[in-house]
file structure_23.txt (compact mmCIF, C-alpha atoms and all ligand atoms)
# COMPACT_ATOMS: atom_id res chain seq x y z
CA MET A 279 21.32 81.58 139.55
CA GLU A 280 23.52 82.43 142.46
CA ILE A 281 24.01 80.14 145.41
CA PRO A 282 24.54 82.11 148.62
CA LYS A 283 27.78 81.62 150.49
CA ILE A 284 27.32 79.22 153.34
CA ASP A 285 29.92 80.61 155.76
CA PRO A 286 27.82 83.53 157.01
CA ILE A 287 24.94 81.11 157.63
CA LEU A 288 27.22 78.73 159.52
CA ASN A 289 28.45 81.69 161.56
CA GLY A 290 24.90 82.50 162.56
CA ASN A 291 24.54 85.71 160.57
CA GLN A 292 20.80 86.35 160.80
CA ARG A 293 20.59 88.39 157.63
CA ALA A 294 22.26 85.60 155.63
CA LEU A 295 19.97 83.09 157.27
CA ALA A 296 16.85 85.10 156.39
CA LYS A 297 17.99 85.38 152.77
CA ALA A 298 18.64 81.65 152.51
CA ILE A 299 15.20 80.93 153.98
CA SER A 300 13.60 83.08 151.29
CA ILE A 301 15.32 80.97 148.66
CA VAL A 302 14.02 77.71 150.08
CA GLU A 303 10.59 79.20 150.77
CA ASP A 304 10.22 80.32 147.16
CA ARG A 305 11.53 76.92 146.03
CA LYS A 306 14.03 78.65 143.75
CA PRO A 307 16.09 76.05 141.81
CA GLU A 308 19.30 77.06 143.61
CA HIS A 309 17.84 75.94 146.94
CA ARG A 310 18.86 72.36 146.12
CA GLU A 311 22.55 73.15 145.76
CA LEU A 312 22.43 75.34 148.86
CA MET A 313 20.86 72.58 150.93
CA LYS A 314 23.30 70.02 149.57
CA GLN A 315 26.20 72.15 150.77
CA LEU A 316 24.65 72.71 154.17
CA TYR A 317 23.35 69.26 154.89
CA ALA A 318 26.60 68.09 156.48
CA TYR A 319 26.25 70.82 159.12
CA THR A 320 22.78 69.83 160.25
CA GLY A 321 21.48 67.35 162.79
CA ASN A 322 22.64 68.90 166.03
CA SER A 323 19.67 70.95 167.22
CA HIS A 324 16.69 69.90 169.26
CA ILE A 325 13.70 70.27 166.95
CA ILE A 326 10.38 70.76 168.69
CA GLY A 327 7.01 70.66 166.94
CA ILE A 328 4.18 72.45 168.69
CA THR A 329 0.72 71.91 167.30
CA GLY A 330 -2.91 72.49 168.25
CA SER A 331 -6.02 74.41 167.21
CA PRO A 332 -5.85 78.14 166.47
CA GLY A 333 -6.35 80.22 169.58
CA GLY A 334 -5.16 77.51 171.95
CA GLY A 335 -2.24 79.60 173.08
CA LYS A 336 0.64 78.09 171.11
CA SER A 337 2.31 81.39 170.33
CA SER A 338 1.92 82.58 173.92
CA LEU A 339 3.49 79.34 175.08
CA VAL A 340 6.34 79.57 172.57
CA ASN A 341 7.02 83.07 173.79
CA GLY A 342 7.35 81.72 177.32
CA LEU A 343 9.57 78.84 176.23
CA VAL A 344 11.90 81.24 174.46
CA ARG A 345 12.19 83.39 177.55
CA GLU A 346 12.92 80.38 179.72
CA TRP A 347 15.57 78.95 177.41
CA ARG A 348 17.24 82.30 176.82
CA ARG A 349 17.56 82.66 180.57
CA LYS A 350 19.59 79.45 180.54
CA GLY A 351 21.67 80.61 177.59
CA ASP A 352 20.15 78.36 174.93
CA THR A 353 19.58 79.96 171.52
CA VAL A 354 16.16 79.48 169.92
CA ALA A 355 14.82 79.71 166.37
CA ILE A 356 11.11 79.58 165.54
CA VAL A 357 9.20 78.73 162.38
CA ALA A 358 5.54 79.65 162.64
CA ILE A 359 3.40 78.01 159.99
CA ASP A 360 0.24 79.94 159.62
CA PRO A 361 -2.44 78.86 157.19
CA THR A 362 -4.25 82.16 157.46
CA SER A 363 -1.43 84.39 156.29
CA PRO A 364 -0.39 84.63 152.66
CA PHE A 365 2.70 82.74 151.57
CA SER A 366 4.91 85.79 151.41
CA GLY A 367 3.29 87.54 154.35
CA GLY A 368 4.64 87.94 157.82
CA ALA A 369 3.37 86.68 161.11
CA LEU A 370 -0.09 87.36 162.37
CA LEU A 371 -0.24 90.62 164.23
CA GLY A 372 -0.78 88.84 167.53
CA ASP A 373 2.28 86.66 167.05
CA ARG A 374 4.35 89.69 166.14
CA ILE A 375 3.36 91.49 169.30
CA ARG A 376 4.06 88.48 171.48
CA MET A 377 7.41 87.88 169.83
CA ARG A 378 8.48 91.49 170.09
CA ASP A 379 9.79 90.64 173.54
CA HIS A 380 12.73 88.97 171.81
CA GLU A 381 13.32 91.37 168.95
CA GLU A 382 16.60 92.77 170.21
CA ASP A 383 18.03 89.40 171.10
CA ASP A 384 20.63 87.82 168.77
CA GLY A 385 19.98 84.43 170.31
CA VAL A 386 16.44 84.37 168.93
CA PHE A 387 15.35 84.09 165.32
CA ILE A 388 11.71 84.11 164.24
CA ARG A 389 10.30 83.34 160.84
CA SER A 390 6.75 82.80 159.74
CA MET A 391 5.52 80.94 156.69
CA GLY A 392 2.04 81.07 155.23
CA THR A 393 0.42 78.11 153.56
CA ARG A 394 -2.14 79.77 151.36
CA GLY A 395 -0.90 80.27 147.84
CA SER A 396 1.91 77.85 148.33
CA LEU A 397 2.44 75.60 145.32
CA GLY A 398 2.73 72.58 147.52
CA GLY A 399 6.14 71.78 148.85
CA LEU A 400 5.27 73.31 152.22
CA SER A 401 6.71 70.45 154.21
CA GLU A 402 9.88 70.51 152.14
CA ALA A 403 10.21 74.28 152.52
CA CYS A 404 9.67 73.98 156.26
CA GLN A 405 12.15 71.17 156.67
CA ASP A 406 14.76 73.09 154.66
CA THR A 407 14.14 76.15 156.82
CA VAL A 408 14.66 74.12 159.97
CA ARG A 409 17.90 72.70 158.54
CA LEU A 410 19.15 76.19 157.73
CA MET A 411 18.49 77.07 161.35
CA GLU A 412 20.38 73.97 162.44
CA ALA A 413 23.30 74.99 160.26
CA ALA A 414 23.19 78.37 161.99
CA LYS A 415 23.65 76.41 165.24
CA PHE A 416 20.51 77.23 167.16
CA ASP A 417 20.17 74.97 170.20
CA ARG A 418 16.39 74.69 170.04
CA ILE A 419 14.22 75.03 166.97
CA ILE A 420 10.48 75.34 167.45
CA ILE A 421 7.96 74.72 164.69
CA GLU A 422 4.54 76.13 165.55
CA THR A 423 1.73 74.88 163.40
CA VAL A 424 -2.03 74.42 163.40
CA GLY A 425 -2.57 70.70 163.27
CA VAL A 426 -4.53 70.35 160.10
CA GLY A 427 -3.78 68.68 156.80
CA GLN A 428 -1.33 66.13 155.58
CA SER A 429 1.58 68.48 155.00
CA GLU A 430 1.36 69.76 158.56
CA LEU A 431 1.37 66.22 159.86
CA ASP A 432 4.42 65.56 157.68
CA ILE A 433 6.05 68.65 159.18
CA MET A 434 5.38 67.47 162.72
CA LYS A 435 6.96 64.13 161.94
CA THR A 436 10.25 65.82 161.12
CA ALA A 437 10.51 67.13 164.69
CA ASP A 438 12.40 65.29 167.42
CA THR A 439 9.82 66.14 170.06
CA ILE A 440 6.15 66.74 169.33
CA ALA A 441 3.89 68.62 171.73
CA LEU A 442 0.13 68.99 171.40
CA VAL A 443 -1.49 72.05 172.97
CA LEU A 444 -5.09 71.65 174.10
CA TYR A 445 -7.35 73.88 176.14
CA PRO A 446 -10.49 73.36 178.23
CA SER A 447 -13.73 73.41 176.28
CA GLY A 448 -11.75 73.71 173.12
CA GLY A 449 -13.26 70.55 171.68
CA ASP A 450 -10.05 70.17 169.75
CA MET A 451 -8.98 66.80 171.10
CA ILE A 452 -11.23 64.82 168.77
CA GLN A 453 -9.82 66.88 165.91
CA ALA A 454 -6.28 65.96 166.90
CA PHE A 455 -7.34 62.37 167.34
CA LYS A 456 -8.76 62.24 163.84
CA ALA A 457 -5.75 63.96 162.33
CA GLY A 458 -3.45 61.32 163.78
CA ILE A 459 -1.58 63.70 166.06
CA MET A 460 -2.53 61.93 169.29
CA GLU A 461 -0.47 58.93 168.29
CA ILE A 462 2.67 60.87 167.55
CA ALA A 463 2.64 63.42 170.37
CA ASP A 464 5.39 63.03 172.98
CA LEU A 465 3.95 65.62 175.30
CA PHE A 466 0.50 67.04 176.05
CA ILE A 467 -0.01 70.56 177.26
CA ILE A 468 -3.32 71.74 178.64
CA ASN A 469 -3.08 75.50 178.29
CA LYS A 470 -5.53 78.07 179.65
CA ALA A 471 -5.52 76.18 182.89
CA ASP A 472 -7.10 79.28 184.47
CA LEU A 473 -10.36 78.31 182.74
CA PRO A 474 -12.70 75.70 184.23
CA GLY A 475 -12.63 72.14 182.94
CA VAL A 476 -8.94 71.29 183.22
CA GLU A 477 -9.46 68.13 185.28
CA GLN A 478 -12.19 66.92 182.96
CA LEU A 479 -10.03 67.48 179.88
CA LYS A 480 -7.15 65.71 181.57
CA GLY A 481 -9.38 62.71 182.30
CA GLU A 482 -10.63 62.56 178.74
CA LEU A 483 -7.10 62.83 177.45
CA GLU A 484 -5.91 59.97 179.66
CA ASP A 485 -8.77 57.82 178.43
CA LEU A 486 -7.94 58.54 174.81
CA LEU A 487 -4.25 57.91 175.40
CA HIS A 488 -5.08 54.41 176.55
CA ILE A 489 -6.38 53.75 173.06
CA THR A 490 -3.82 55.58 170.96
CA HIS A 491 -0.59 55.33 172.88
CA ILE A 492 1.76 52.59 171.85
CA PRO A 493 3.59 51.48 174.99
CA GLY A 494 7.29 52.13 174.76
CA ASN A 495 10.06 53.60 176.82
CA TRP A 496 8.57 57.06 176.88
CA GLU A 497 5.33 57.86 178.65
CA PRO A 498 3.95 61.16 177.29
CA PRO A 499 3.43 63.52 180.22
CA ILE A 500 0.41 65.79 180.53
CA LEU A 501 1.23 69.29 181.76
CA ALA A 502 -0.95 72.28 182.59
CA THR A 503 0.02 75.87 181.76
CA ILE A 504 -1.32 79.39 181.90
CA SER A 505 0.82 80.91 179.19
CA THR A 506 -0.45 84.43 179.64
CA GLU A 507 0.62 84.34 183.28
CA LYS A 508 3.82 82.40 182.53
CA LYS A 509 2.70 79.57 184.77
CA GLY A 510 3.92 76.03 184.13
CA ILE A 511 6.31 77.10 181.40
CA LYS A 512 9.47 76.02 183.18
CA GLU A 513 7.98 72.54 183.65
CA VAL A 514 7.29 72.39 179.91
CA THR A 515 10.89 73.23 179.03
CA GLU A 516 12.04 70.55 181.46
CA ALA A 517 9.70 67.95 179.97
CA LEU A 518 10.86 68.85 176.46
CA GLU A 519 14.49 68.56 177.56
CA ASN A 520 13.77 65.23 179.26
CA HIS A 521 12.34 63.90 176.07
CA HIS A 522 15.38 65.05 174.13
CA ASP A 523 17.68 63.39 176.68
CA HIS A 524 15.63 60.24 176.33
CA LEU A 525 16.02 60.34 172.53
CA LEU A 526 19.77 60.85 172.80
CA SER A 527 20.40 58.19 175.43
CA SER A 528 18.31 55.59 173.64
CA GLU A 529 19.64 56.33 170.15
CA GLU A 530 16.05 57.02 169.25
CA LYS A 531 16.92 60.43 167.83
CA THR A 532 19.10 58.83 165.16
CA GLU A 533 16.46 56.17 164.53
CA ARG A 534 13.72 58.76 164.14
CA ARG A 535 15.72 60.82 161.72
CA LEU A 536 16.80 57.77 159.73
CA SER A 537 13.26 56.47 159.41
CA GLN A 538 12.26 59.90 158.11
CA LYS A 539 14.98 59.92 155.51
CA GLU A 540 13.40 57.42 153.14
CA VAL A 541 10.08 59.25 153.34
CA GLU A 542 11.95 62.47 152.65
CA ILE A 543 13.70 61.17 149.54
CA GLU A 544 10.36 60.13 148.12
CA ARG A 545 8.74 63.45 148.97
CA ARG A 546 11.57 65.44 147.40
CA LEU A 547 11.50 63.37 144.26
CA VAL A 548 7.74 63.76 143.91
CA GLU A 549 8.01 67.51 144.54
CA ARG A 550 10.60 67.86 141.81
CA LEU A 551 8.75 65.69 139.33
CA LYS A 552 5.58 67.66 139.95
CA THR A 553 7.17 71.05 139.33
CA ASP A 554 9.21 69.87 136.36
CA PHE A 555 6.47 67.88 134.69
CA ALA A 556 3.56 70.29 135.04
CA PRO A 557 4.65 72.56 132.14
CA LEU A 558 5.43 69.50 130.03
CA ILE A 559 1.84 68.31 130.33
CA GLN A 560 0.60 71.33 128.39
CA GLN A 561 3.20 70.62 125.75
CA GLU A 562 2.20 66.97 125.50
CA LEU A 563 -1.47 67.84 125.19
CA LYS A 564 -0.76 70.16 122.31
CA GLU A 565 1.36 67.60 120.56
CA THR A 566 -0.91 64.64 121.03
CA GLU A 567 -4.33 66.22 120.73
CA GLY A 568 -4.07 69.66 119.26
CA GLN A 569 -5.03 72.89 120.96
CA THR A 570 -8.14 74.31 119.38
CA PRO A 571 -11.10 74.88 121.74
CA GLU A 572 -13.02 72.10 119.96
CA GLN A 573 -10.18 69.68 120.46
CA ALA A 574 -9.90 70.67 124.11
CA GLU A 575 -13.61 70.11 124.59
CA GLN A 576 -13.47 66.67 123.04
CA ARG A 577 -10.79 65.46 125.38
CA ASP A 578 -11.56 62.54 127.61
CA PRO A 579 -9.47 63.25 130.74
CA TYR A 580 -8.96 59.56 131.49
CA GLU A 581 -7.77 58.82 128.01
CA SER A 582 -5.59 61.93 127.78
CA ALA A 583 -3.87 61.14 131.06
CA GLU A 584 -3.36 57.54 130.02
CA LYS A 585 -1.93 58.53 126.66
CA ILE A 586 0.56 60.98 128.13
CA TYR A 587 1.56 58.55 130.84
CA LYS A 588 2.27 55.83 128.29
CA ARG A 589 4.28 58.18 126.08
CA TRP A 590 6.45 59.20 129.04
CA MET A 591 6.95 55.67 130.27
CA LYS A 592 7.92 54.58 126.80
CA ARG A 593 10.51 57.33 126.58
CA ILE A 594 11.92 56.56 130.00
CA THR A 595 12.27 52.84 129.36
CA ALA A 596 13.68 53.45 125.85
CA LYS A 597 16.51 55.49 127.35
CA GLU A 598 17.56 52.83 129.81
N1 LIG B 1 -7.16 82.67 179.63
C1 LIG B 1 -6.06 82.37 178.94
N2 LIG B 1 -5.89 82.86 177.72
C2 LIG B 1 -4.75 82.55 177.06
C3 LIG B 1 -3.79 81.68 177.61
N3 LIG B 1 -2.78 81.52 176.71
C4 LIG B 1 -3.13 82.25 175.62
N4 LIG B 1 -4.31 82.87 175.83
C5 LIG B 1 -5.01 83.79 174.91
O1 LIG B 1 -5.54 83.05 173.85
C6 LIG B 1 -5.49 83.80 172.63
C7 LIG B 1 -4.75 83.01 171.55
O2 LIG B 1 -3.40 82.83 171.92
P1 LIG B 1 -2.27 82.48 170.87
O3 LIG B 1 -1.02 82.30 171.64
O4 LIG B 1 -2.26 83.45 169.76
O5 LIG B 1 -2.81 81.09 170.33
P2 LIG B 1 -2.35 80.27 169.02
O6 LIG B 1 -3.31 80.61 167.94
O7 LIG B 1 -2.50 78.84 169.43
O8 LIG B 1 -0.94 80.63 168.71
C8 LIG B 1 -4.81 85.09 172.96
O9 LIG B 1 -5.79 86.07 173.13
C9 LIG B 1 -4.10 84.81 174.27
O10 LIG B 1 -3.93 85.94 175.06
C10 LIG B 1 -4.00 81.16 178.93
O11 LIG B 1 -3.22 80.40 179.48
N5 LIG B 1 -5.18 81.54 179.54
MG MG B 2 0.00 81.25 166.88

call {"tool": "encode", "arguments": {"input": "structure_23.txt", "output": "structure tokens"}}
result
Amino acid sequence: MEIPKIDPILNGNQRALAKAISIVEDRKPEHRELMKQLYAYTGNSHIIGITGSPGGGKSSLVNGLVREWRRKGDTVAIVAIDPTSPFSGGALLGDRIRMRDHEEDDGVFIRSMGTRGSLGGLSEACQDTVRLMEAAKFDRIIIETVGVGQSELDIMKTADTIALVLYPSGGDMIQAFKAGIMEIADLFIINKADLPGVEQLKGELEDLLHITHIPGNWEPPILATISTEKKGIKEVTEALENHHDHLLSSEEKTERRLSQKEVEIERRLVERLKTDFAPLIQQELKETEGQTPEQAEQRDPYESAEKIYKRWMKRITAKE
């Protein structure tokens, strides 16, 4: 077990960063020590979560945002979470092509992560990846994800600014509403504004916001874009920056991150218990109930689980 040196990561060496991401993505045991060493250097980037149905134009939009921010001199790192690509696989072909625009640029770093085949821990792996990018001092970090499932919602909640991408006749708003994304979005983007139905979608969105939005100091803006024609992109970067300024000036950024910390401790503990205990369950079953096929068949799952649970609890309390 070898923990990578952190200096090259802190100095923004992209090769070192990519290597470190592989360690956290594979959930190798050494990732914990690595993250412990790097944690002190995190917390300074603007983390942006971009979510919405597949095909809505998220990647096209991200591509535009990168171009806009690079023009201003901001560095940008991207994590694309893609449920359709295998865990070890790269980006979807389309994403690759769109992102090729930035391939030669040192101020841009792109990484994709699949969800299929992942042994859970996706939100932890993603959060660690984002922190590695923070340690490498990227100004903006974008997480692109399809807004489905609990772990993706968890991922979104770790962002400072959350943007939901919708498109006319997409029918995806109800989906987002059900998934609980409407409530947490700080910004709404209606992409594919070249298609008919933008005004209608905007109206529907405003109506829904009346129900879901909790009045506060920030009113989520609704913006229209045509990503493929690079229209409205500058306005999106400005709105995202405004939200970040709002977070900083109101101390809300610190509050958000603090409120996430307790949730994170619990998640990390559960992740570790799950991975460490799974092999022990087999062991326990053998010890308590034997391992012949007949014995396995006779098992009552409720009783077996109860028995093992009690044995473990007994051991834990005995040690205290
Ligand atoms: N008409 C139109 N098509 C777009 C727009 N933005 C993206 N697309 C197209 O929509 C498809 C999906 O885009 P992509 O960025 O991959 O969406 P993602 O799955 O949300 O990342 C691609 O064929 C894009 O060219 C837009 O503003 N207008
Ligand atoms: Mg995409």

call {"tool": "residues_near_ligand", "arguments": {"input": "structure_23.txt", "ligand": "ligand MG 2 (chain B)", "cutoff": "7 Å", "atoms": "all atoms listed in the file", "output": "MDAnalysis selection string"}}
result
chainID A and resid 332:333 335:337 373 422

call {"tool": "residues_around", "arguments": {"input": "structure_23.txt", "residues": "A:Arg409", "least_positions_apart": "3", "cutoff": "9 Å", "atoms": "all atoms listed in the file", "output": "PyMOL selection string"}}
result
chain A and resi 313+316-317+319-321+404-406+412-414

call {"tool": "closest_residue", "arguments": {"input": "structure_23.txt", "among": "A:Lys509, A:Lys552, A:Arg345, A:His522", "to": "ligand LIG 1 (chain B)", "atoms": "all atoms listed in the file"}}
result
A:Lys509

call {"tool": "closest_atom_pairs", "arguments": {"input": "structure_23.txt", "of": "chain A", "to": "ligand LIG 1 (chain B)", "cutoff": "7 Å", "atoms": "only C-alpha atoms and all ligand atoms", "output": "JSON lines"}}
result
{"residue": "A:Gly330", "atom": "CA", "partner": "B:LIG1", "partner_atom": "O7", "distance": 6.5}
{"residue": "A:Ser331", "atom": "CA", "partner": "B:LIG1", "partner_atom": "O7", "distance": 6.1}
{"residue": "A:Pro332", "atom": "CA", "partner": "B:LIG1", "partner_atom": "O6", "distance": 3.8}
{"residue": "A:Gly333", "atom": "CA", "partner": "B:LIG1", "partner_atom": "O6", "distance": 3.5}
{"residue": "A:Gly334", "atom": "CA", "partner": "B:LIG1", "partner_atom": "O7", "distance": 3.9}
{"residue": "A:Gly335", "atom": "CA", "partner": "B:LIG1", "partner_atom": "O5", "distance": 3.2}
{"residue": "A:Lys336", "atom": "CA", "partner": "B:LIG1", "partner_atom": "O7", "distance": 3.6}
{"residue": "A:Ser337", "atom": "CA", "partner": "B:LIG1", "partner_atom": "O3", "distance": 3.7}
{"residue": "A:Ser338", "atom": "CA", "partner": "B:LIG1", "partner_atom": "O3", "distance": 3.7}
{"residue": "A:Leu339", "atom": "CA", "partner": "B:LIG1", "partner_atom": "O3", "distance": 6.4}
{"residue": "A:Gly372", "atom": "CA", "partner": "B:LIG1", "partner_atom": "O4", "distance": 6.0}
{"residue": "A:Asp373", "atom": "CA", "partner": "B:LIG1", "partner_atom": "O4", "distance": 6.2}
{"residue": "A:Asn469", "atom": "CA", "partner": "B:LIG1", "partner_atom": "O11", "distance": 5.0}
{"residue": "A:Lys470", "atom": "CA", "partner": "B:LIG1", "partner_atom": "O11", "distance": 3.3}
{"residue": "A:Ala471", "atom": "CA", "partner": "B:LIG1", "partner_atom": "O11", "distance": 5.9}
{"residue": "A:Asp472", "atom": "CA", "partner": "B:LIG1", "partner_atom": "N5", "distance": 5.8}
{"residue": "A:Leu473", "atom": "CA", "partner": "B:LIG1", "partner_atom": "N1", "distance": 6.2}
{"residue": "A:Thr503", "atom": "CA", "partner": "B:LIG1", "partner_atom": "O11", "distance": 6.0}
{"residue": "A:Ile504", "atom": "CA", "partner": "B:LIG1", "partner_atom": "O11", "distance": 3.2}
{"residue": "A:Ser505", "atom": "CA", "partner": "B:LIG1", "partner_atom": "O11", "distance": 4.1}
{"residue": "A:Thr506", "atom": "CA", "partner": "B:LIG1", "partner_atom": "N3", "distance": 4.7}
{"residue": "A:Glu507", "atom": "CA", "partner": "B:LIG1", "partner_atom": "O11", "distance": 6.7}

call {"tool": "write_last_selection", "arguments": {"input": "structure_23.txt", "atoms": "C-alpha atoms", "output": "mmCIF file, in the coordinates of the input"}}
result
data_model
loop_
_atom_site.group_PDB
_atom_site.id
_atom_site.type_symbol
_atom_site.label_atom_id
_atom_site.label_comp_id
_atom_site.auth_asym_id
_atom_site.auth_seq_id
_atom_site.Cartn_x
_atom_site.Cartn_y
_atom_site.Cartn_z
ATOM 1 C CA GLY A 330 -2.910 72.490 168.250
ATOM 2 C CA SER A 331 -6.020 74.410 167.210
ATOM 3 C CA PRO A 332 -5.850 78.140 166.470
ATOM 4 C CA GLY A 333 -6.350 80.220 169.580
ATOM 5 C CA GLY A 334 -5.160 77.510 171.950
ATOM 6 C CA GLY A 335 -2.240 79.600 173.080
ATOM 7 C CA LYS A 336 0.640 78.090 171.110
ATOM 8 C CA SER A 337 2.310 81.390 170.330
ATOM 9 C CA SER A 338 1.920 82.580 173.920
ATOM 10 C CA LEU A 339 3.490 79.340 175.080
ATOM 11 C CA GLY A 372 -0.780 88.840 167.530
ATOM 12 C CA ASP A 373 2.280 86.660 167.050
ATOM 13 C CA ASN A 469 -3.080 75.500 178.290
ATOM 14 C CA LYS A 470 -5.530 78.070 179.650
ATOM 15 C CA ALA A 471 -5.520 76.180 182.890
ATOM 16 C CA ASP A 472 -7.100 79.280 184.470
ATOM 17 C CA LEU A 473 -10.360 78.310 182.740
ATOM 18 C CA THR A 503 0.020 75.870 181.760
ATOM 19 C CA ILE A 504 -1.320 79.390 181.900
ATOM 20 C CA SER A 505 0.820 80.910 179.190
ATOM 21 C CA THR A 506 -0.450 84.430 179.640
ATOM 22 C CA GLU A 507 0.620 84.340 183.280
#

call {"tool": "residues_around", "arguments": {"input": "structure_23.txt", "residues": "stretch 535-539 of chain A", "least_positions_apart": "6", "cutoff": "12 Å", "atoms": "only C-alpha atoms", "output": "VMD selection string"}}
result
chain A and resid 320 to 322 324 to 325 405 432 to 439 525 to 526 529 545 to 546

call {"tool": "write_last_selection", "arguments": {"input": "structure_23.txt", "atoms": "C-alpha atoms", "output": "short mmCIF file (atom, residue, chain, number, x, y, z; two decimals), in the coordinates of the input"}}
result
data_model
loop_
_atom_site.label_atom_id
_atom_site.label_comp_id
_atom_site.auth_asym_id
_atom_site.auth_seq_id
_atom_site.Cartn_x
_atom_site.Cartn_y
_atom_site.Cartn_z
CA THR A 320 22.78 69.83 160.25
CA GLY A 321 21.48 67.35 162.79
CA ASN A 322 22.64 68.90 166.03
CA HIS A 324 16.69 69.90 169.26
CA ILE A 325 13.70 70.27 166.95
CA GLN A 405 12.15 71.17 156.67
CA ASP A 432 4.42 65.56 157.68
CA ILE A 433 6.05 68.65 159.18
CA MET A 434 5.38 67.47 162.72
CA LYS A 435 6.96 64.13 161.94
CA THR A 436 10.25 65.82 161.12
CA ALA A 437 10.51 67.13 164.69
CA ASP A 438 12.40 65.29 167.42
CA THR A 439 9.82 66.14 170.06
CA LEU A 525 16.02 60.34 172.53
CA LEU A 526 19.77 60.85 172.80
CA GLU A 529 19.64 56.33 170.15
CA ARG A 545 8.74 63.45 148.97
CA ARG A 546 11.57 65.44 147.40
#
